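Asker: Here you go, model_20.txt (compact mmCIF, C-alpha atoms and all ligand atoms):
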# COMPACT_ATOMS: atom_id res chain seq x y z
CA LYS A 17 0.00 0.00 0.00
CA ARG A 18 1.32 3.45 -0.90
CA PRO A 19 2.04 5.73 2.04
CA TYR A 20 -0.30 8.65 2.72
CA VAL A 21 0.86 12.21 3.35
CA TYR A 22 -1.40 15.01 4.55
CA VAL A 23 -0.51 18.64 3.80
CA THR A 24 -2.18 21.02 6.28
CA ARG A 25 -2.32 24.04 3.97
CA LYS A 26 -3.02 24.44 0.27
CA MET A 27 0.29 24.48 -1.59
CA PRO A 28 0.96 24.92 -5.32
CA ALA A 29 0.63 21.53 -7.02
CA LYS A 30 3.86 21.85 -8.98
CA MET A 31 5.84 22.39 -5.75
CA ILE A 32 4.62 19.23 -4.09
CA ASN A 33 4.95 16.82 -7.02
CA ILE A 34 8.01 15.26 -5.34
CA LEU A 35 5.58 13.99 -2.71
CA GLU A 36 3.21 12.56 -5.28
CA SER A 37 5.97 10.33 -6.63
CA VAL A 38 6.26 8.57 -3.25
CA ALA A 39 2.81 8.83 -1.65
CA GLU A 40 -0.87 9.50 -1.94
CA VAL A 41 -1.28 13.15 -1.03
CA GLY A 42 -4.21 14.77 0.76
CA MET A 43 -4.30 18.52 1.27
CA TRP A 44 -6.35 21.01 3.28
CA GLU A 45 -8.40 23.12 0.86
CA SER A 46 -7.46 26.61 2.07
CA GLU A 47 -4.32 28.66 1.70
CA GLU A 48 -5.20 31.05 4.53
CA THR A 49 -7.37 29.21 7.03
CA PRO A 50 -5.78 26.63 9.32
CA VAL A 51 -7.10 23.09 9.11
CA PRO A 52 -9.68 22.47 11.87
CA ARG A 53 -8.35 20.30 14.69
CA GLU A 54 -10.88 17.46 14.11
CA ILE A 55 -9.89 17.18 10.47
CA LEU A 56 -6.20 17.28 11.32
CA LEU A 57 -6.68 14.44 13.81
CA GLU A 58 -8.70 12.39 11.31
CA GLU A 59 -6.08 12.88 8.62
CA ALA A 60 -3.24 12.15 11.05
CA ASN A 61 -4.95 8.87 11.83
CA LYS A 62 -4.35 7.74 8.22
CA ALA A 63 -1.04 9.47 7.64
CA ASP A 64 2.51 8.20 7.28
CA GLY A 65 3.69 11.78 6.88
CA LEU A 66 2.43 15.25 7.77
CA PHE A 67 3.45 18.51 6.11
CA THR A 68 2.64 21.14 8.75
CA VAL A 69 2.75 24.90 9.32
CA LEU A 70 3.30 26.92 12.51
CA ALA A 71 -0.44 27.22 13.17
CA ASP A 72 -0.76 23.45 13.67
CA GLN A 73 -0.27 22.09 17.19
CA ILE A 74 1.50 18.77 16.79
CA ASP A 75 1.33 17.25 20.25
CA GLU A 76 0.92 14.02 22.23
CA GLU A 77 -2.83 13.91 21.49
CA LEU A 78 -2.11 14.00 17.76
CA PHE A 79 0.62 11.37 17.96
CA GLN A 80 -1.77 9.09 19.86
CA ALA A 81 -4.23 9.41 17.01
CA ALA A 82 -1.57 8.68 14.38
CA PRO A 83 -0.38 5.07 14.61
CA ASN A 84 1.45 5.06 11.24
CA LEU A 85 3.08 8.48 11.43
CA LYS A 86 6.79 8.47 10.57
CA VAL A 87 7.57 12.07 9.73
CA VAL A 88 6.38 15.62 10.42
CA ALA A 89 7.91 18.29 8.18
CA ASN A 90 7.26 21.83 9.40
CA LEU A 91 7.32 24.75 6.97
CA ALA A 92 9.56 26.88 9.23
CA VAL A 93 12.95 26.90 10.89
CA GLY A 94 11.25 27.05 14.30
CA PHE A 95 9.41 23.99 15.62
CA ASP A 96 7.94 25.16 18.92
CA ASN A 97 4.49 24.10 17.63
CA ILE A 98 5.69 20.49 17.73
CA ASP A 99 6.27 18.37 20.84
CA VAL A 100 9.63 17.06 19.63
CA GLN A 101 10.23 14.98 22.75
CA ALA A 102 6.94 13.13 22.26
CA ALA A 103 7.79 12.57 18.58
CA THR A 104 11.23 11.23 19.43
CA LYS A 105 9.78 8.80 21.97
CA ARG A 106 7.67 7.35 19.17
CA GLY A 107 10.47 7.33 16.61
CA ILE A 108 8.77 10.01 14.49
CA ALA A 109 11.14 12.23 12.50
CA VAL A 110 10.66 15.98 12.91
CA CYS A 111 12.03 18.12 10.08
CA ASN A 112 12.32 21.90 9.61
CA THR A 113 13.65 24.31 6.96
CA PRO A 114 16.89 25.85 8.23
CA ASP A 115 19.50 27.58 6.02
CA ILE A 116 17.19 28.22 3.03
CA LEU A 117 15.44 31.08 4.85
CA THR A 118 18.48 32.57 6.60
CA ASP A 119 19.19 35.54 4.32
CA THR A 120 15.54 36.30 3.66
CA THR A 121 14.78 36.43 7.38
CA ALA A 122 17.90 38.49 8.09
CA ASP A 123 16.81 41.00 5.42
CA LEU A 124 13.47 41.37 7.21
CA ALA A 125 15.02 41.70 10.67
CA PHE A 126 17.41 44.35 9.42
CA SER A 127 14.54 46.14 7.67
CA LEU A 128 12.92 46.49 11.08
CA VAL A 129 16.09 48.13 12.40
CA LEU A 130 15.91 50.72 9.61
CA MET A 131 12.14 51.13 9.93
CA VAL A 132 12.11 51.86 13.65
CA GLY A 133 15.30 53.94 13.67
CA ARG A 134 14.34 56.15 10.76
CA ARG A 135 10.61 56.14 11.53
CA LEU A 136 9.82 54.86 8.04
CA ALA A 137 6.31 53.58 8.73
CA GLU A 138 5.31 56.88 10.35
CA ALA A 139 6.89 58.79 7.49
CA VAL A 140 5.03 56.83 4.81
CA GLU A 141 1.76 57.30 6.68
CA CYS A 142 2.38 61.01 7.03
CA VAL A 143 2.79 61.49 3.27
CA LYS A 144 -0.29 59.43 2.44
CA THR A 145 -2.49 61.23 4.94
CA GLY A 146 -1.53 64.72 3.79
CA ASN A 147 0.42 65.51 6.93
CA TRP A 148 3.58 66.43 5.06
CA THR A 149 3.24 70.15 5.44
CA SER A 150 6.46 72.10 5.22
CA TRP A 151 10.12 71.46 5.74
CA SER A 152 11.17 71.77 9.35
CA PRO A 153 14.49 70.93 10.97
CA PHE A 154 13.38 67.93 12.97
CA PHE A 155 10.43 66.81 10.89
CA MET A 156 10.33 62.96 11.03
CA ALA A 157 13.85 62.96 12.39
CA GLY A 158 14.73 59.53 13.71
CA ALA A 159 17.84 57.87 15.06
CA ASP A 160 20.89 56.92 13.05
CA VAL A 161 21.58 53.30 12.32
CA HIS A 162 25.15 53.51 11.00
CA HIS A 163 27.89 53.43 13.65
CA LYS A 164 25.42 52.52 16.38
CA THR A 165 25.63 49.39 18.54
CA ILE A 166 23.44 46.46 17.57
CA GLY A 167 22.99 43.65 20.08
CA ILE A 168 22.00 40.33 18.53
CA VAL A 169 20.38 37.88 20.93
CA GLY A 170 20.57 34.36 19.54
CA MET A 171 23.60 34.01 17.26
CA GLY A 172 22.48 31.18 15.01
CA SER A 173 22.75 31.41 11.24
CA ILE A 174 20.10 34.16 11.03
CA GLY A 175 21.92 36.10 13.76
CA GLU A 176 25.15 35.85 11.80
CA ALA A 177 23.42 37.00 8.62
CA VAL A 178 22.03 40.03 10.48
CA ALA A 179 25.54 40.73 11.81
CA LYS A 180 26.89 40.82 8.24
CA ARG A 181 24.24 43.32 7.23
CA ALA A 182 24.95 45.44 10.32
CA LEU A 183 28.70 45.41 9.59
CA GLY A 184 27.87 46.73 6.12
CA PHE A 185 26.21 49.68 7.87
CA GLN A 186 29.40 50.08 9.93
CA MET A 187 27.58 49.23 13.12
CA ASN A 188 29.30 47.98 16.26
CA VAL A 189 28.04 44.40 16.57
CA ILE A 190 27.73 42.61 19.91
CA TYR A 191 25.88 39.36 20.53
CA HIS A 192 24.62 37.05 23.21
CA ASN A 193 24.09 33.33 22.77
CA ARG A 194 23.77 30.29 25.03
CA ASN A 195 27.20 29.21 23.84
CA ARG A 196 29.88 31.65 22.89
CA LYS A 197 30.69 31.40 19.14
CA ILE A 198 34.45 31.76 18.92
CA GLU A 199 34.54 30.82 15.21
CA THR A 200 31.98 33.50 14.41
CA GLU A 201 33.97 36.07 16.38
CA LYS A 202 37.03 35.21 14.30
CA ALA A 203 35.15 35.26 10.99
CA LEU A 204 33.14 38.44 11.66
CA ASP A 205 33.98 41.53 13.65
CA VAL A 206 31.53 40.79 16.48
CA SER A 207 32.00 40.42 20.21
CA TYR A 208 30.29 38.41 22.91
CA ARG A 209 28.44 39.97 25.84
CA SER A 210 26.52 38.61 28.78
CA PHE A 211 22.80 39.18 28.27
CA GLU A 212 22.86 41.95 30.91
CA ASP A 213 25.75 43.81 29.29
CA LEU A 214 24.21 43.50 25.83
CA VAL A 215 20.95 44.98 27.08
CA VAL A 216 22.71 47.96 28.66
CA GLU A 217 25.02 48.72 25.71
CA SER A 218 22.78 48.24 22.66
CA ASP A 219 21.11 50.96 20.60
CA TYR A 220 19.21 48.26 18.70
CA ILE A 221 18.48 44.88 20.25
CA VAL A 222 17.52 42.23 17.71
CA CYS A 223 16.04 39.04 19.12
CA LEU A 224 16.47 35.92 16.96
CA THR A 225 16.61 33.23 19.59
CA PRO A 226 14.52 30.05 19.32
CA LEU A 227 11.62 29.73 21.76
CA THR A 228 12.65 27.39 24.58
CA ASP A 229 11.92 27.14 28.30
CA ALA A 230 15.04 29.26 28.80
CA THR A 231 14.09 32.03 26.37
CA LYS A 232 10.36 32.26 27.14
CA GLY A 233 9.66 35.66 28.71
CA MET A 234 13.35 36.65 28.68
CA PHE A 235 12.44 40.20 27.63
CA SER A 236 10.61 41.43 30.71
CA LYS A 237 10.17 44.63 32.68
CA GLU A 238 13.64 44.45 34.24
CA VAL A 239 15.27 44.07 30.83
CA PHE A 240 13.40 47.00 29.26
CA ARG A 241 14.26 49.10 32.30
CA LYS A 242 17.98 48.40 31.80
CA MET A 243 17.88 49.35 28.11
CA LYS A 244 18.85 52.86 27.05
CA ASN A 245 15.82 55.16 26.72
CA THR A 246 17.02 55.79 23.17
CA ALA A 247 17.26 52.10 22.28
CA TYR A 248 14.94 50.05 20.06
CA PHE A 249 13.77 46.49 20.55
CA ILE A 250 13.32 44.28 17.48
CA ASN A 251 11.80 40.81 17.65
CA ALA A 252 11.86 38.38 14.72
CA SER A 253 11.88 35.15 16.74
CA ARG A 254 8.71 34.24 18.67
CA GLY A 255 6.21 36.49 20.43
CA THR A 256 6.46 34.71 23.75
CA VAL A 257 10.15 35.49 24.29
CA VAL A 258 8.70 38.89 25.30
CA VAL A 259 6.34 39.66 28.14
CA GLU A 260 4.04 41.81 26.01
CA GLU A 261 2.44 43.71 28.92
CA ASP A 262 5.94 44.68 30.04
CA LEU A 263 6.81 45.88 26.56
CA VAL A 264 3.63 47.97 26.47
CA GLU A 265 4.54 49.48 29.82
CA ALA A 266 8.13 50.19 28.72
CA LEU A 267 6.82 52.01 25.64
CA ARG A 268 4.25 53.92 27.67
CA GLU A 269 6.86 54.98 30.23
CA GLY A 270 9.43 55.89 27.58
CA GLU A 271 11.90 53.30 28.90
CA ILE A 272 12.75 52.50 25.28
CA ALA A 273 12.49 54.48 22.02
CA GLY A 274 10.40 52.02 20.05
CA ALA A 275 9.92 48.47 18.86
CA GLY A 276 9.89 46.54 15.60
CA LEU A 277 7.91 43.32 15.88
CA ASP A 278 7.31 40.52 13.39
CA VAL A 279 5.92 38.11 16.01
CA PHE A 280 3.31 38.28 18.79
CA HIS A 281 1.75 36.21 21.54
CA GLN A 282 -1.46 35.96 19.56
CA GLU A 283 -1.14 35.76 15.77
CA PRO A 284 -2.88 37.45 14.08
CA ILE A 285 -2.69 40.15 16.76
CA ASP A 286 -5.96 41.94 17.61
CA PRO A 287 -5.90 45.33 15.80
CA ASN A 288 -7.01 46.92 19.09
CA HIS A 289 -4.04 45.51 20.98
CA PRO A 290 -2.30 48.24 23.04
CA LEU A 291 1.01 47.54 21.26
CA LEU A 292 -0.48 48.75 17.98
CA GLN A 293 -1.50 52.12 19.41
CA PHE A 294 2.08 53.44 19.64
CA PRO A 295 3.39 55.43 16.64
CA ASN A 296 6.90 54.15 17.45
CA VAL A 297 5.93 50.49 17.09
CA VAL A 298 6.30 48.86 13.69
CA ALA A 299 4.29 45.65 13.56
CA LEU A 300 4.57 43.12 10.75
CA PRO A 301 2.43 40.00 10.18
CA HIS A 302 5.12 37.33 10.80
CA ILE A 303 6.74 37.60 7.37
CA GLY A 304 10.39 36.90 8.22
CA SER A 305 10.86 34.24 5.55
CA ALA A 306 8.11 35.47 3.23
CA SER A 307 9.75 35.97 -0.14
CA VAL A 308 8.32 34.11 -3.12
CA GLU A 309 11.69 32.48 -3.78
CA THR A 310 12.31 31.36 -0.21
CA ARG A 311 8.79 30.12 0.51
CA GLY A 312 8.92 28.08 -2.71
CA ALA A 313 12.27 26.58 -1.71
CA MET A 314 10.95 25.83 1.80
CA ILE A 315 7.93 23.98 0.40
CA VAL A 316 10.09 21.85 -1.87
CA HIS A 317 12.47 21.17 1.02
CA CYS A 318 9.64 19.91 3.25
CA CYS A 319 8.56 17.54 0.49
CA GLU A 320 12.13 16.26 0.09
CA ASN A 321 12.39 15.64 3.82
CA ILE A 322 9.13 13.67 3.87
CA ALA A 323 10.08 11.68 0.76
CA ALA A 324 13.45 10.77 2.29
CA VAL A 325 11.88 9.37 5.46
CA LEU A 326 9.26 7.42 3.51
CA LYS A 327 12.07 5.88 1.44
CA GLY A 328 13.90 4.90 4.64
CA GLU A 329 16.61 7.54 4.24
CA THR A 330 17.77 10.18 6.70
CA PRO A 331 16.25 13.56 5.74
CA VAL A 332 18.54 16.57 5.28
CA SER A 333 16.88 18.69 7.97
CA LEU A 334 16.22 16.31 10.82
CA VAL A 335 15.57 18.07 14.14
CA ASN A 336 15.58 14.99 16.40
CA LYS A 337 18.82 13.45 15.15
CA GLU A 338 18.69 10.73 17.80
CA ILE A 339 15.94 8.80 15.98
CA LYS A 340 16.57 6.11 13.38
CA CYS A 341 14.98 6.64 9.98
C1 LIG B 1 9.22 31.33 11.15
O1 LIG B 1 8.88 31.91 12.13
C2 LIG B 1 10.08 30.19 11.17
O2 LIG B 1 10.33 29.62 12.24
O3 LIG B 1 10.53 29.79 10.08
C1 LIG B 2 19.89 32.89 24.07
O1 LIG B 2 20.38 33.84 23.52
C2 LIG B 2 20.00 31.56 23.53
O2 LIG B 2 20.38 31.43 22.36
O3 LIG B 2 19.69 30.66 24.28
Kindly present the structure from the file in structure tokens form.
Answerer:
Amino acid sequence: KRPYVYVTRKMPAKMINILESVAEVGMWESEETPVPREILLEEANKADGLFTVLADQIDEELFQAAPNLKVVANLAVGFDNIDVQAATKRGIAVCNTPDILTDTTADLAFSLVLMVGRRLAEAVECVKTGNWTSWSPFFMAGADVHHKTIGIVGMGSIGEAVAKRALGFQMNVIYHNRNRKIETEKALDVSYRSFEDLVVESDYIVCLTPLTDATKGMFSKEVFRKMKNTAYFINASRGTVVVEEDLVEALREGEIAGAGLDVFHQEPIDPNHPLLQFPNVVALPHIGSASVETRGAMIVHCCENIAAVLKGETPVSLVNKEIKC
């Protein structure tokens, strides 16, 4: 019997034809709406492989309903929507899409640096709404980016790619990471700081760390209080690395100069959320890796990972390397 793979979001047919050569393929009908939980569980029950997105919770309950499941390929570098430990216990391969999206995501993170520093969203709005009146010395004057200090929290491959962009803007680049990256320090002109020192010294903090028990809520009241009042906070990792109420308070109290956010606790964020009421907050709809080229490559990569596991091979992007494929 041919294996069955369920794809939880509508994907272009020509991008998933690799899958069709190894399995029967079922696919959720919508590009925008997440698959309802009951349908996901029903499909998982039949599936040898699942092609998932960040909106799908892949947990113990799902694994219990999926006796034949061998592989879950997530269309993202992050996999905090998947209970990897539970998958590993059952010998299910978990795959992600690292590397392919590194430069695209770094471009977006660095765009947020420019947007918040130079007040680009406010400036665009001002022109469109007829509020560009006359020239005045400090009209829409923001903060410089060049020669400022950028503090990168989470120095994985995306962190390194942001560092390269920052060095091109002649910024002073400091970073914090669980493990110090001596090779990176040699290859790039960047230096390590404790988290506390990074927070105090940075003009722009860019958070790119994965969501783990250790990083959940790491940006809290105390951290925002230690930041310079002129500093900006940028988050392109996961919403829950920040205590959002504390960020709101820091913005309200002027503890920091502004924030650039691609991720939130609740996605999509409620348009009435207090964070969206500040002119010095730039909010984006979680589009870090969203270029046509990169998303296409990510989709193909997920299919290749699933096909590899179904053929009994080790997939290129295996998260839980301890399992046997
Ligand atoms: C997006 O957030 C990703 O993890 O790829
Ligand atoms: C924090 O920066 C981490 O990478 O754990």
Asker: Return the single residue from A:Ser333, A:Asn296, A:Asn97, A:Ser152 that is closest to ligand LIG 1 (chain B), with distances computed using all atoms listed in the file.
Answerer: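 Residue with the minimum atom-to-atom distance to ligand LIG 1 (chain B): A:Asn97.
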Asker: Give me, as a PDB file with C-alpha atoms, in the frame of the given file, the set of residues whose atoms come within 10 Å of any atom of ligand LIG 2 (chain B), counting only C-alpha atoms and all ligand atoms.
Answerer:
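Saved as part38.pdb:
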ATOM      1  CA  ILE A 168      22.000  40.330  18.530  1.00  0.00           C
ATOM      2  CA  VAL A 169      20.380  37.880  20.930  1.00  0.00           C
ATOM      3  CA  GLY A 170      20.570  34.360  19.540  1.00  0.00           C
ATOM      4  CA  MET A 171      23.600  34.010  17.260  1.00  0.00           C
ATOM      5  CA  GLY A 172      22.480  31.180  15.010  1.00  0.00           C
ATOM      6  CA  GLY A 175      21.920  36.100  13.760  1.00  0.00           C
ATOM      7  CA  TYR A 191      25.880  39.360  20.530  1.00  0.00           C
ATOM      8  CA  HIS A 192      24.620  37.050  23.210  1.00  0.00           C
ATOM      9  CA  ASN A 193      24.090  33.330  22.770  1.00  0.00           C
ATOM     10  CA  ARG A 194      23.770  30.290  25.030  1.00  0.00           C
ATOM     11  CA  ASN A 195      27.200  29.210  23.840  1.00  0.00           C
ATOM     12  CA  ARG A 196      29.880  31.650  22.890  1.00  0.00           C
ATOM     13  CA  SER A 210      26.520  38.610  28.780  1.00  0.00           C
ATOM     14  CA  PHE A 211      22.800  39.180  28.270  1.00  0.00           C
ATOM     15  CA  CYS A 223      16.040  39.040  19.120  1.00  0.00           C
ATOM     16  CA  LEU A 224      16.470  35.920  16.960  1.00  0.00           C
ATOM     17  CA  THR A 225      16.610  33.230  19.590  1.00  0.00           C
ATOM     18  CA  PRO A 226      14.520  30.050  19.320  1.00  0.00           C
ATOM     19  CA  LEU A 227      11.620  29.730  21.760  1.00  0.00           C
ATOM     20  CA  THR A 228      12.650  27.390  24.580  1.00  0.00           C
ATOM     21  CA  ASP A 229      11.920  27.140  28.300  1.00  0.00           C
ATOM     22  CA  ALA A 230      15.040  29.260  28.800  1.00  0.00           C
ATOM     23  CA  THR A 231      14.090  32.030  26.370  1.00  0.00           C
ATOM     24  CA  LYS A 232      10.360  32.260  27.140  1.00  0.00           C
ATOM     25  CA  MET A 234      13.350  36.650  28.680  1.00  0.00           C
TER      26      MET A 234
END
Asker: Pick from A:Leu214, A:Val93, A:Val161, A:Leu291: nearest to ligand LIG 1 (chain B), with all atoms listed in the file counted?
Answerer: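 Closest residue, counting all atoms listed in the file: A:Val93.
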Asker: For ligand LIG 1 (chain B), list the contacting residues at 12 Å or closer, counting only C-alpha atoms and all ligand atoms, as a VMD selection string.
Answerer: chain A and resid 68 to 71 89 to 98 111 to 122 124 to 125 174 224 to 227 251 to 255 278 to 280 283 301 to 307 310 to 311 314 to 315
Asker: Near Pro83 (chain A), within 10 Å and counting all atoms listed in the file, which residues show up once chain neighbours fewer than 3 positions away are dropped, as an NGL selection string?
Answerer: :A and (60-64 or 78-80 or 86 or 106)
Asker: Return the single residue from A:Met27, A:Ile221, A:Thr49, A:Ile250 that is closest to Leu128 (chain A), with distances computed using all atoms listed in the file.
Answerer: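 Result for the nearest residue to Leu128 (chain A): A:Ile250.
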Asker: Take CA of Gln101 (chain A) and CA of Leu85 (chain A) and report the distance between them in Å, one decimal.
Answerer: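 So the two atoms, CA of Gln101 (chain A) and CA of Leu85 (chain A), lie 14.9 Å apart.
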Asker: Reconstruct region 217-227 of chain A at the level of all heavy atoms, and format the result as a short mmCIF file (atom, residue, chain, number, x, y, z; two decimals), keeping the file's coordinate frame.
Answerer:
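File out.cif, as written:
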data_model
loop_
_atom_site.label_atom_id
_atom_site.label_comp_id
_atom_site.auth_asym_id
_atom_site.auth_seq_id
_atom_site.Cartn_x
_atom_site.Cartn_y
_atom_site.Cartn_z
N GLU A 217 24.19 48.03 26.71
CA GLU A 217 25.02 48.72 25.71
C GLU A 217 24.34 48.99 24.38
O GLU A 217 24.76 49.88 23.64
CB GLU A 217 26.28 47.88 25.41
CG GLU A 217 27.31 47.88 26.50
CD GLU A 217 28.49 46.98 26.15
OE1 GLU A 217 28.97 47.04 24.99
OE2 GLU A 217 28.91 46.20 27.02
N SER A 218 23.31 48.20 24.03
CA SER A 218 22.78 48.24 22.66
C SER A 218 21.93 49.47 22.36
O SER A 218 21.17 49.93 23.21
CB SER A 218 21.92 47.00 22.39
OG SER A 218 22.69 45.85 22.49
N ASP A 219 22.05 49.95 21.12
CA ASP A 219 21.11 50.96 20.60
C ASP A 219 19.95 50.26 19.89
O ASP A 219 18.85 50.80 19.82
CB ASP A 219 21.85 51.88 19.62
CG ASP A 219 22.96 52.64 20.30
OD1 ASP A 219 22.67 53.32 21.31
OD2 ASP A 219 24.12 52.53 19.85
N TYR A 220 20.25 49.09 19.33
CA TYR A 220 19.21 48.26 18.70
C TYR A 220 19.42 46.84 19.22
O TYR A 220 20.50 46.27 19.04
CB TYR A 220 19.35 48.26 17.18
CG TYR A 220 19.13 49.62 16.55
CD1 TYR A 220 20.19 50.52 16.42
CD2 TYR A 220 17.87 50.00 16.10
CE1 TYR A 220 19.98 51.78 15.86
CE2 TYR A 220 17.66 51.25 15.54
CZ TYR A 220 18.71 52.13 15.42
OH TYR A 220 18.51 53.38 14.87
N ILE A 221 18.41 46.29 19.86
CA ILE A 221 18.48 44.88 20.25
C ILE A 221 17.66 44.10 19.24
O ILE A 221 16.51 44.45 18.96
CB ILE A 221 17.91 44.66 21.66
CG1 ILE A 221 18.82 45.32 22.71
CG2 ILE A 221 17.75 43.15 21.96
CD1 ILE A 221 18.35 45.15 24.14
N VAL A 222 18.25 43.06 18.67
CA VAL A 222 17.52 42.23 17.71
C VAL A 222 17.44 40.82 18.26
O VAL A 222 18.46 40.15 18.43
CB VAL A 222 18.20 42.24 16.33
CG1 VAL A 222 17.43 41.35 15.35
CG2 VAL A 222 18.29 43.66 15.79
N CYS A 223 16.23 40.36 18.54
CA CYS A 223 16.04 39.04 19.12
C CYS A 223 15.75 38.01 18.03
O CYS A 223 14.80 38.14 17.26
CB CYS A 223 14.90 39.06 20.13
SG CYS A 223 14.60 37.42 20.80
N LEU A 224 16.59 36.98 17.98
CA LEU A 224 16.47 35.92 16.96
C LEU A 224 16.60 34.54 17.59
O LEU A 224 16.86 33.56 16.91
CB LEU A 224 17.57 36.11 15.90
CG LEU A 224 17.43 37.39 15.08
CD1 LEU A 224 18.74 37.75 14.42
CD2 LEU A 224 16.33 37.25 14.04
N THR A 225 16.41 34.48 18.89
CA THR A 225 16.61 33.23 19.59
C THR A 225 15.44 32.27 19.38
O THR A 225 14.31 32.72 19.21
CB THR A 225 16.81 33.51 21.09
OG1 THR A 225 17.15 32.31 21.76
CG2 THR A 225 15.56 34.10 21.72
N PRO A 226 15.68 30.96 19.37
CA PRO A 226 14.52 30.05 19.32
C PRO A 226 13.71 30.14 20.62
O PRO A 226 14.26 30.54 21.65
CB PRO A 226 15.14 28.67 19.16
CG PRO A 226 16.59 28.80 19.43
CD PRO A 226 16.95 30.24 19.37
N LEU A 227 12.45 29.78 20.56
CA LEU A 227 11.62 29.73 21.76
C LEU A 227 11.90 28.43 22.50
O LEU A 227 11.68 27.34 21.96
CB LEU A 227 10.14 29.82 21.40
CG LEU A 227 9.16 29.67 22.57
CD1 LEU A 227 9.34 30.78 23.59
CD2 LEU A 227 7.73 29.63 22.07
#
